[in-house]
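Asks: One file is attached below, run_35.pdb, containing PDB, C-alpha atoms.
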ATOM      1  CA  MET K1243     -12.551 220.142  25.382
ATOM      2  CA  ALA K1244     -13.664 223.725  25.724
ATOM      3  CA  ASP K1245     -17.336 224.233  24.871
ATOM      4  CA  LYS K1246     -17.490 224.625  21.114
ATOM      5  CA  THR K1247     -21.268 224.532  20.902
ATOM      6  CA  GLY K1248     -21.901 227.652  23.003
ATOM      7  CA  SER K1249     -23.880 230.530  21.514
ATOM      8  CA  ALA K1250     -20.729 232.496  20.607
ATOM      9  CA  ALA K1251     -18.974 229.571  18.910
ATOM     10  CA  ALA K1252     -18.974 229.033  15.137
ATOM     11  CA  GLN K1253     -21.379 226.189  14.349
ATOM     12  CA  VAL K1254     -20.203 225.526  10.805
ATOM     13  CA  VAL K1255     -16.476 224.761  10.691
ATOM     14  CA  PRO K1256     -14.837 223.940   7.329
ATOM     15  CA  ALA K1257     -11.850 221.567   7.486
ATOM     16  CA  LEU K1258      -9.069 221.666   4.884
ATOM     17  CA  PHE K1259      -6.533 218.978   3.919
ATOM     18  CA  TYR K1260      -2.931 219.887   3.100
ATOM     19  CA  GLN K1261       0.155 217.976   1.933
ATOM     20  CA  ASP K1262       2.172 220.215   4.268
ATOM     21  CA  PRO K1263      -0.101 221.359   7.123
ATOM     22  CA  ASN K1264       2.807 223.054   8.959
ATOM     23  CA  ALA K1265       3.543 225.344   6.018
ATOM     24  CA  ALA K1266      -0.186 225.916   5.458
ATOM     25  CA  LEU K1267      -0.736 227.055   9.047
ATOM     26  CA  ASP K1268       2.112 229.578   8.875
ATOM     27  CA  TRP K1269       0.903 230.856   5.531
ATOM     28  CA  LEU K1270      -2.742 231.247   6.573
ATOM     29  CA  GLU K1271      -1.555 233.334   9.543
ATOM     30  CA  LYS K1272       0.731 235.516   7.472
ATOM     31  CA  ALA K1273      -1.304 235.956   4.299
ATOM     32  CA  PHE K1274      -4.926 235.748   5.474
ATOM     33  CA  GLY K1275      -4.632 236.811   9.126
ATOM     34  CA  PHE K1276      -6.064 233.641  10.678
ATOM     35  CA  GLU K1277      -5.110 233.090  14.322
ATOM     36  CA  THR K1278      -4.182 229.613  15.518
ATOM     37  CA  CYS K1279      -6.254 228.599  18.517
ATOM     38  CA  LEU K1280      -5.325 224.906  18.685
ATOM     39  CA  ARG K1281      -2.429 222.932  17.244
ATOM     40  CA  LEU K1282      -1.554 219.273  17.844
ATOM     41  CA  THR K1283       1.917 218.178  16.681
ATOM     42  CA  GLY K1284       3.210 214.584  16.688
ATOM     43  CA  ASP K1285       6.680 213.223  17.559
ATOM     44  CA  ASP K1286       7.748 213.716  13.939
ATOM     45  CA  GLY K1287       7.013 217.454  14.137
ATOM     46  CA  VAL K1288       4.084 217.213  11.710
ATOM     47  CA  ILE K1289       0.824 218.942  12.650
ATOM     48  CA  GLN K1290      -1.887 216.332  13.182
ATOM     49  CA  HIS K1291      -4.711 218.800  13.642
ATOM     50  CA  ALA K1292      -5.057 222.552  13.988
ATOM     51  CA  GLU K1293      -7.893 225.019  14.431
ATOM     52  CA  MET K1294      -7.721 228.667  13.379
ATOM     53  CA  GLU K1295     -10.052 231.594  14.026
ATOM     54  CA  TYR K1296     -11.024 234.622  12.001
ATOM     55  CA  GLY K1297     -13.497 236.908  13.776
ATOM     56  CA  ASN K1298     -16.229 234.569  14.987
ATOM     57  CA  GLY K1299     -15.405 232.012  12.288
ATOM     58  CA  ARG K1300     -13.249 228.926  12.601
ATOM     59  CA  ILE K1301     -11.527 226.460  10.273
ATOM     60  CA  MET K1302      -9.730 223.184  10.926
ATOM     61  CA  LEU K1303      -6.758 221.903   8.994
ATOM     62  CA  GLY K1304      -4.709 218.748   8.860
ATOM     63  CA  GLY K1305      -2.784 216.401   6.607
ATOM     64  CA  MET K1306      -4.140 214.204   3.820
ATOM     65  CA  ASN K1307      -2.506 210.806   4.391
ATOM     66  CA  TRP K1308      -4.632 209.485   7.237
ATOM     67  CA  ALA K1309      -7.252 207.890   4.943
ATOM     68  CA  ASP K1310      -7.473 207.233   1.219
ATOM     69  CA  TRP K1311     -10.113 209.857   0.431
ATOM     70  CA  PRO K1312      -8.669 213.206   1.634
ATOM     71  CA  SER K1313      -6.469 215.088  -0.809
ATOM     72  CA  SER K1314      -5.093 218.532  -1.501
ATOM     73  CA  PRO K1315      -5.794 220.416  -4.754
ATOM     74  CA  LYS K1316      -2.013 220.317  -5.288
ATOM     75  CA  ALA K1317      -2.146 216.512  -5.457
ATOM     76  CA  ILE K1318      -5.089 216.334  -7.892
ATOM     77  CA  GLY K1319      -4.246 218.820 -10.621
ATOM     78  CA  GLY K1320      -5.609 221.879  -8.844
ATOM     79  CA  LYS K1321      -9.247 220.740  -8.700
ATOM     80  CA  ASN K1322     -11.445 222.051  -5.877
ATOM     81  CA  THR K1323     -14.843 220.665  -4.909
ATOM     82  CA  GLN K1324     -15.713 223.549  -2.607
ATOM     83  CA  CYS K1325     -14.304 226.824  -1.396
ATOM     84  CA  VAL K1326     -14.210 228.771   1.842
ATOM     85  CA  HIS K1327     -15.647 232.289   1.762
ATOM     86  CA  VAL K1328     -14.710 234.772   4.497
ATOM     87  CA  GLN K1329     -16.453 238.079   5.193
ATOM     88  CA  VAL K1330     -13.882 240.696   6.283
ATOM     89  CA  LYS K1331     -14.021 244.262   7.620
ATOM     90  CA  ASP K1332     -11.652 245.793   5.051
ATOM     91  CA  VAL K1333     -11.353 243.747   1.881
ATOM     92  CA  MET K1334      -8.793 246.052   0.237
ATOM     93  CA  ALA K1335      -6.458 245.805   3.234
ATOM     94  CA  HIS K1336      -6.953 242.033   3.278
ATOM     95  CA  PHE K1337      -6.197 241.805  -0.437
ATOM     96  CA  LYS K1338      -3.029 243.866   0.000
ATOM     97  CA  ARG K1339      -1.822 241.628   2.837
ATOM     98  CA  ALA K1340      -2.459 238.436   0.844
ATOM     99  CA  LYS K1341      -0.787 239.818  -2.263
ATOM    100  CA  GLU K1342       2.271 240.930  -0.311
ATOM    101  CA  ALA K1343       2.523 237.415   1.122
ATOM    102  CA  GLY K1344       2.768 236.095  -2.417
ATOM    103  CA  ALA K1345      -0.780 234.764  -2.770
ATOM    104  CA  ASN K1346      -1.846 233.537  -6.191
ATOM    105  CA  ILE K1347      -4.657 236.014  -6.956
ATOM    106  CA  ALA K1348      -7.404 234.583  -9.181
ATOM    107  CA  ALA K1349      -9.472 237.793  -9.372
ATOM    108  CA  GLU K1350      -8.721 241.227  -7.941
ATOM    109  CA  PRO K1351     -11.307 242.950  -5.692
ATOM    110  CA  GLU K1352     -14.419 243.817  -7.677
ATOM    111  CA  ASP K1353     -17.860 245.190  -6.815
ATOM    112  CA  GLN K1354     -20.634 242.617  -7.208
ATOM    113  CA  PHE K1355     -24.279 243.242  -8.126
ATOM    114  CA  TYR K1356     -25.369 242.196  -4.606
ATOM    115  CA  GLY K1357     -23.435 245.040  -2.997
ATOM    116  CA  ASP K1358     -20.281 243.260  -1.837
ATOM    117  CA  LYS K1359     -16.737 243.726  -3.060
ATOM    118  CA  ILE K1360     -14.904 240.406  -3.295
ATOM    119  CA  TYR K1361     -11.609 238.973  -4.441
ATOM    120  CA  ARG K1362     -10.647 235.383  -5.251
ATOM    121  CA  VAL K1363      -7.366 233.710  -4.389
ATOM    122  CA  PHE K1364      -5.552 230.352  -4.343
ATOM    123  CA  ASP K1365      -3.444 229.391  -1.332
ATOM    124  CA  PRO K1366      -0.032 227.692  -1.919
ATOM    125  CA  GLU K1367      -1.606 224.219  -2.261
ATOM    126  CA  GLY K1368      -4.310 225.463  -4.613
ATOM    127  CA  HIS K1369      -7.256 225.698  -2.216
ATOM    128  CA  PHE K1370      -9.610 228.345  -3.604
ATOM    129  CA  TRP K1371     -10.754 231.100  -1.217
ATOM    130  CA  THR K1372     -12.944 234.186  -1.572
ATOM    131  CA  PHE K1373     -12.924 237.242   0.682
ATOM    132  CA  GLY K1374     -15.666 239.837   0.683
ATOM    133  CA  GLN K1375     -16.901 243.005   2.324
ATOM    134  CA  THR K1376     -20.429 244.431   2.161
ATOM    135  CA  MET K1377     -20.094 247.909   0.650
ATOM    136  CA  ARG K1378     -23.829 248.630   0.106
ATOM    137  CA  VAL K1379     -26.884 246.940   1.625
ATOM    138  CA  LEU K1380     -29.340 246.450  -1.250
ATOM    139  CA  SER K1381     -32.978 245.379  -1.412
ATOM    140  CA  ASN K1382     -33.880 242.320  -3.480
ATOM    141  CA  ASP K1383     -35.351 244.640  -6.134
ATOM    142  CA  GLU K1384     -32.125 246.629  -6.341
ATOM    143  CA  MET K1385     -30.094 243.428  -6.641
ATOM    144  CA  GLU K1386     -32.342 242.091  -9.387
ATOM    145  CA  LYS K1387     -31.977 245.316 -11.360
ATOM    146  CA  ALA K1388     -28.188 245.202 -11.038
ATOM    147  CA  SER K1389     -27.950 241.473 -11.786
ATOM    148  CA  PRO K1390     -27.645 239.775 -15.183
ATOM    149  CA  GLY K1391     -31.336 238.851 -15.223
ATOM    150  CA  LEU K1392     -31.528 236.888 -11.969
ATOM    151  CA  LYS K1393     -34.541 236.544  -9.703
ATOM    152  CA  VAL K1394     -33.507 237.351  -6.115
ATOM    153  CA  GLU K1395     -35.396 235.791  -3.197
ATOM    154  CA  GLY K1396     -34.865 235.467   0.519
ATOM    155  CA  LYS K1397     -33.716 237.700   3.331
ATOM    156  CA  GLY K1398     -30.289 238.373   1.838
TER
ATOM    157  CA  MET J 219      11.269 217.181  16.947
ATOM    158  CA  SER J 220       9.000 217.233  19.880
ATOM    159  CA  ALA J 221       5.374 216.256  20.248
ATOM    160  CA  ASN J 222       3.493 219.325  21.368
ATOM    161  CA  VAL J 223       0.144 220.998  21.678
ATOM    162  CA  MET J 224      -0.541 224.689  21.255
ATOM    163  CA  VAL J 225      -3.580 226.659  22.347
ATOM    164  CA  GLY J 226      -4.167 230.367  21.653
ATOM    165  CA  ILE J 227      -6.730 232.769  23.095
ATOM    166  CA  THR J 228      -7.243 236.519  23.107
ATOM    167  CA  LEU J 229      -7.751 238.365  26.411
ATOM    168  CA  GLU J 230      -9.183 241.878  26.362
ATOM    169  CA  VAL J 231      -6.469 243.255  28.652
ATOM    170  CA  GLU J 232      -2.912 244.556  28.224
ATOM    171  CA  PRO J 233      -0.072 241.967  28.161
ATOM    172  CA  GLU J 234       1.138 242.959  31.659
ATOM    173  CA  GLU J 235      -2.327 242.320  33.081
ATOM    174  CA  ALA J 236      -2.676 239.071  31.122
ATOM    175  CA  PHE J 237       0.640 237.896  32.614
ATOM    176  CA  ARG J 238      -0.508 238.939  36.099
ATOM    177  CA  LEU J 239      -3.813 237.063  35.727
ATOM    178  CA  PHE J 240      -1.975 233.986  34.460
ATOM    179  CA  THR J 241       0.490 233.936  37.349
ATOM    180  CA  GLU J 242      -0.971 235.679  40.427
ATOM    181  CA  GLU J 243      -4.506 234.399  39.868
ATOM    182  CA  VAL J 244      -3.520 230.879  38.834
ATOM    183  CA  ASP J 245      -5.521 229.226  41.614
ATOM    184  CA  LEU J 246      -8.682 230.991  40.408
ATOM    185  CA  TRP J 247      -8.525 229.881  36.779
ATOM    186  CA  TRP J 248      -6.772 226.494  37.156
ATOM    187  CA  GLN J 249      -9.704 224.109  37.120
ATOM    188  CA  ARG J 250     -10.398 221.824  40.072
ATOM    189  CA  GLY J 251     -10.920 218.082  40.312
ATOM    190  CA  VAL J 252      -8.843 215.015  39.470
ATOM    191  CA  LYS J 253      -8.556 215.922  35.801
ATOM    192  CA  PHE J 254      -6.674 219.137  36.544
ATOM    193  CA  ARG J 255      -5.198 218.993  40.042
ATOM    194  CA  PHE J 256      -2.289 216.824  41.129
ATOM    195  CA  ARG J 257      -3.590 214.891  44.154
ATOM    196  CA  PRO J 258      -7.026 213.374  43.644
ATOM    197  CA  LYS J 259      -8.581 214.070  47.044
ATOM    198  CA  ALA J 260      -6.608 217.060  48.308
ATOM    199  CA  ASN J 261      -7.827 220.652  48.099
ATOM    200  CA  GLY J 262      -4.634 222.407  47.159
ATOM    201  CA  ILE J 263      -3.790 225.961  46.133
ATOM    202  CA  MET J 264      -1.943 226.519  42.851
ATOM    203  CA  LYS J 265       0.855 229.083  43.042
ATOM    204  CA  PHE J 266       3.648 230.457  40.888
ATOM    205  CA  GLU J 267       6.714 231.489  42.916
ATOM    206  CA  PRO J 268       7.669 234.607  40.916
ATOM    207  CA  GLY J 269      10.925 234.763  38.998
ATOM    208  CA  GLU J 270      13.276 232.380  37.238
ATOM    209  CA  GLY J 271      14.218 229.516  39.542
ATOM    210  CA  GLY J 272      10.835 229.769  41.260
ATOM    211  CA  ARG J 273       8.338 226.953  40.968
ATOM    212  CA  LEU J 274       4.781 226.179  39.997
ATOM    213  CA  ILE J 275       3.415 224.326  43.010
ATOM    214  CA  GLU J 276       0.166 223.045  44.471
ATOM    215  CA  ILE J 277       0.167 223.675  48.219
ATOM    216  CA  TYR J 278      -1.799 221.352  50.516
ATOM    217  CA  ASP J 279      -0.485 222.442  53.937
ATOM    218  CA  GLU J 280       1.853 225.423  53.910
ATOM    219  CA  ALA J 281       2.860 225.057  57.601
ATOM    220  CA  LYS J 282       3.955 221.447  57.074
ATOM    221  CA  GLY J 283       5.557 222.198  53.722
ATOM    222  CA  ASP J 284       3.218 219.694  52.087
ATOM    223  CA  LEU J 285       3.099 220.513  48.383
ATOM    224  CA  TYR J 286       3.409 219.144  44.858
ATOM    225  CA  GLU J 287       6.039 220.685  42.615
ATOM    226  CA  VAL J 288       4.873 220.807  39.003
ATOM    227  CA  GLY J 289       8.202 222.226  37.850
ATOM    228  CA  ARG J 290      10.780 225.001  37.919
ATOM    229  CA  ILE J 291      10.225 228.324  36.220
ATOM    230  CA  LEU J 292      12.758 228.705  33.405
ATOM    231  CA  VAL J 293      11.753 232.070  31.905
ATOM    232  CA  TRP J 294       9.908 234.861  33.759
ATOM    233  CA  GLU J 295       9.429 237.967  31.618
ATOM    234  CA  PRO J 296       6.311 239.790  32.894
ATOM    235  CA  GLY J 297       4.054 240.824  30.009
ATOM    236  CA  VAL J 298       6.125 238.891  27.484
ATOM    237  CA  ARG J 299       6.890 235.254  28.217
ATOM    238  CA  LEU J 300       6.673 232.526  30.833
ATOM    239  CA  VAL J 301       8.288 229.076  30.579
ATOM    240  CA  PHE J 302       8.089 226.360  33.204
ATOM    241  CA  GLU J 303       8.738 222.629  33.516
ATOM    242  CA  TRP J 304       5.745 220.377  33.937
ATOM    243  CA  ARG J 305       5.875 216.926  35.504
ATOM    244  CA  GLY J 306       2.931 214.739  36.353
ATOM    245  CA  PRO J 307       2.924 212.814  39.667
ATOM    246  CA  ASN J 308       3.731 209.559  37.816
ATOM    247  CA  PHE J 309       6.680 210.922  35.779
ATOM    248  CA  ARG J 310      10.227 209.552  36.199
ATOM    249  CA  ASP J 311      13.173 211.956  36.523
ATOM    250  CA  GLU J 312      14.013 211.994  32.836
ATOM    251  CA  GLN J 313      10.371 212.489  31.898
ATOM    252  CA  VAL J 314       9.804 216.223  31.777
ATOM    253  CA  THR J 315       7.659 218.427  29.601
ATOM    254  CA  GLU J 316       7.809 222.187  29.162
ATOM    255  CA  VAL J 317       5.084 224.822  29.004
ATOM    256  CA  ASP J 318       5.959 227.993  27.057
ATOM    257  CA  ILE J 319       3.501 230.913  27.110
ATOM    258  CA  ARG J 320       3.893 234.052  25.028
ATOM    259  CA  PHE J 321       1.882 237.228  25.586
ATOM    260  CA  LYS J 322       1.612 239.266  22.391
ATOM    261  CA  PRO J 323      -0.041 242.685  22.194
ATOM    262  CA  VAL J 324      -2.833 242.709  19.599
ATOM    263  CA  GLU J 325      -5.558 245.198  18.714
ATOM    264  CA  ALA J 326      -8.127 243.521  20.967
ATOM    265  CA  GLY J 327      -5.724 243.171  23.931
ATOM    266  CA  THR J 328      -3.345 240.247  24.327
ATOM    267  CA  ARG J 329      -2.943 237.061  22.333
ATOM    268  CA  VAL J 330      -1.915 234.352  24.775
ATOM    269  CA  VAL J 331      -0.198 231.478  22.966
ATOM    270  CA  LEU J 332       0.555 228.448  25.118
ATOM    271  CA  GLU J 333       2.739 225.600  23.845
ATOM    272  CA  HIS J 334       3.167 222.422  25.892
ATOM    273  CA  ARG J 335       6.010 220.349  24.458
ATOM    274  CA  GLY J 336       8.182 217.360  25.268
ATOM    275  CA  TRP J 337       5.532 214.643  25.237
ATOM    276  CA  GLU J 338       7.957 212.362  23.339
ATOM    277  CA  THR J 339       9.751 211.853  26.689
ATOM    278  CA  LEU J 340       6.809 209.695  27.788
ATOM    279  CA  PRO J 341       6.953 206.113  26.416
ATOM    280  CA  PRO J 342       3.834 204.843  24.591
ATOM    281  CA  ASP J 343       2.750 202.779  27.606
ATOM    282  CA  HIS J 344       3.093 205.631  30.127
ATOM    283  CA  PRO J 345       0.016 205.861  32.383
ATOM    284  CA  ALA J 346      -0.336 209.599  31.601
ATOM    285  CA  ARG J 347      -1.248 208.593  28.028
ATOM    286  CA  HIS J 348      -4.288 206.624  29.275
ATOM    287  CA  GLY J 349      -3.624 203.987  26.621
ATOM    288  CA  LEU J 350      -4.316 206.476  23.843
ATOM    289  CA  GLY J 351      -2.476 206.674  20.515
ATOM    290  CA  ASP J 352      -0.390 209.751  19.738
ATOM    291  CA  ARG J 353      -3.152 211.667  17.965
ATOM    292  CA  ALA J 354      -5.838 210.919  20.565
ATOM    293  CA  PHE J 355      -3.466 211.709  23.439
ATOM    294  CA  LEU J 356      -2.500 215.081  21.936
ATOM    295  CA  THR J 357      -6.186 215.834  21.313
ATOM    296  CA  MET J 358      -6.907 215.148  24.979
ATOM    297  CA  GLN J 359      -3.990 217.291  26.105
ATOM    298  CA  GLY J 360      -4.975 220.163  23.776
ATOM    299  CA  GLY J 361      -8.529 219.970  25.099
ATOM    300  CA  TRP J 362      -7.191 220.056  28.667
ATOM    301  CA  TRP J 363      -5.482 223.399  28.029
ATOM    302  CA  GLU J 364      -8.443 224.719  26.033
ATOM    303  CA  GLU J 365     -10.644 224.190  29.085
ATOM    304  CA  GLN J 366      -8.075 225.842  31.345
ATOM    305  CA  LEU J 367      -7.621 228.886  29.112
ATOM    306  CA  ALA J 368     -11.373 229.248  28.608
ATOM    307  CA  ALA J 369     -11.560 229.747  32.389
ATOM    308  CA  LEU J 370      -8.721 232.288  32.219
ATOM    309  CA  ARG J 371     -10.563 234.146  29.461
ATOM    310  CA  GLY J 372     -13.602 234.307  31.712
ATOM    311  CA  MET J 373     -11.519 236.456  34.078
ATOM    312  CA  GLY J 374      -9.806 238.680  31.490
TER
END
Spell out the structure here as structure tokens.

Replies:
Amino acid sequence: MADKTGSAAAQVVPALFYQDPNAALDWLEKAFGFETCLRLTGDDGVIQHAEMEYGNGRIMLGGMNWADWPSSPKAIGGKNTQCVHVQVKDVMAHFKRAKEAGANIAAEPEDQFYGDKIYRVFDPEGHFWTFGQTMRVLSNDEMEKASPGLKVEGKG
Amino acid sequence: MSANVMVGITLEVEPEEAFRLFTEEVDLWWQRGVKFRFRPKANGIMKFEPGEGGRLIEIYDEAKGDLYEVGRILVWEPGVRLVFEWRGPNFRDEQVTEVDIRFKPVEAGTRVVLEHRGWETLPPDHPARHGLGDRAFLTMQGGWWEEQLAALRGMG
């Protein structure tokens, strides 16, 4: 394999399970602008494994029938146990692209107390995603003042 | 359907230059050693004979006409698309795979998308599969091209 532990490579790589990984891959390209960098397809035409890039980030995706524990939100009443967040350069343009592709928008872009503008969205199988852009870089004090009574610690 | 692997990379050059690097400079980026070259102990030179009907070959002794023919070139569209047949040294006549590369202009330069298909023509016990199941074999083959294209990206 190519070196995926080099300094430029993403070190945290979320993997998502889909009932229909072929449709998911096409949709993530069209709606969210991910670029496929690896795709493995079996004799039956079904994608076994794929990897997609966005900026310096990477996700993996595949099917859900290769063990008894993976599932897709679509198969379990829409429940999610985690979500993927992506930081983008132009969140309004990203939102427009996703909406035009028919994405199920959970919350339109909105400024947050920590200085980012984010929107929330479900993909066609119900995976929950958030996309954000930093609009203002705030100090911890500024964030605390703008927050609903939260204490803010750390380097941001 | 056809078992296939796909690998995509972005080169920071125009599509015409990406196509030129892929074809004219093939011996520079095509990795060496038994994993990548076609005769274990020979030091050959990889070469695309330009144009449809040309061949991808590894030349061992040009004067004696000693070479290995990987396959015929089926599509030769500089800056756009390249398709060629790909046979391993232990393939029978009816066992042929196809490599299809598209060069797409993108903001950062050129997205090179390589698809290698037709692996279903190899029976499960074919030596090229190294005794691997479908998924593991495709993973190996995808990794093989990832390594190759990482070297190409190093030149782009």

Asks: Tell me which of K:His1291, K:Ala1266, K:Thr1247, K:Pro1256 sits closest to chain J, counting all atoms listed in the file.

Replies: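 Comparing K:His1291, K:Ala1266, K:Thr1247, K:Pro1256 against chain J, the winner is K:His1291.
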
Asks: I need the residue set behind the PyMOL selection byres ((chain J) within 10 of (chain K)) for this file; please write it as JSON, numbers by chain.

Replies: {"J": [219, 220, 221, 222, 223, 224, 225, 226, 227, 228, 329, 330, 331, 332, 333, 334, 335, 336, 337, 338, 339, 352, 353, 354, 355, 356, 357, 358, 359, 360, 361, 362, 363, 364, 365, 366, 367, 368, 369]}

Asks: Suppose a student applies the PyMOL selection byres ((chain J and resi 237-247) around 10) to this structure; what residues should they get, written as a VMD selection string?

Replies: chain J and resid 231 to 236 248 to 250 262 to 268 274 276 294 to 300 319 to 321 328 330 365 to 374

Asks: Ranking K:Pro1351, K:Gly1368, K:Gly1374, K:Pro1263 by minimum distance to Gly1305 in chain K and counting only C-alpha atoms, which one comes first?

Replies: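 Ranking K:Pro1351, K:Gly1368, K:Gly1374, K:Pro1263 by distance to Gly1305 in chain K, first place goes to K:Pro1263.
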
Asks: What is the CA of Gly1299 in chain K-CA of Ala326 in chain J distance in Å, reported with one decimal?

Replies: 16.1 Å

Asks: What's the separation between CA of Ala1345 in chain K and CA of Trp1371 in chain K, in Å to one decimal place?

Replies: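 A separation of 10.7 Å between them.
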
Asks: Between K:Ala1343, K:Ala1250, K:Leu1392, K:Ala1349, which residue has the minimum interatomic distance to Val1363 in chain K, considering all atoms listed in the file?

Replies: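 Closest to Val1363 in chain K of all the choices is K:Ala1349.
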
Asks: Quick one, how far is CA of Asn1298 in chain K from CA of His1369 in chain K?

Replies: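 Atom-to-atom, CA of Asn1298 in chain K to CA of His1369 in chain K, that is 21.3 Å.
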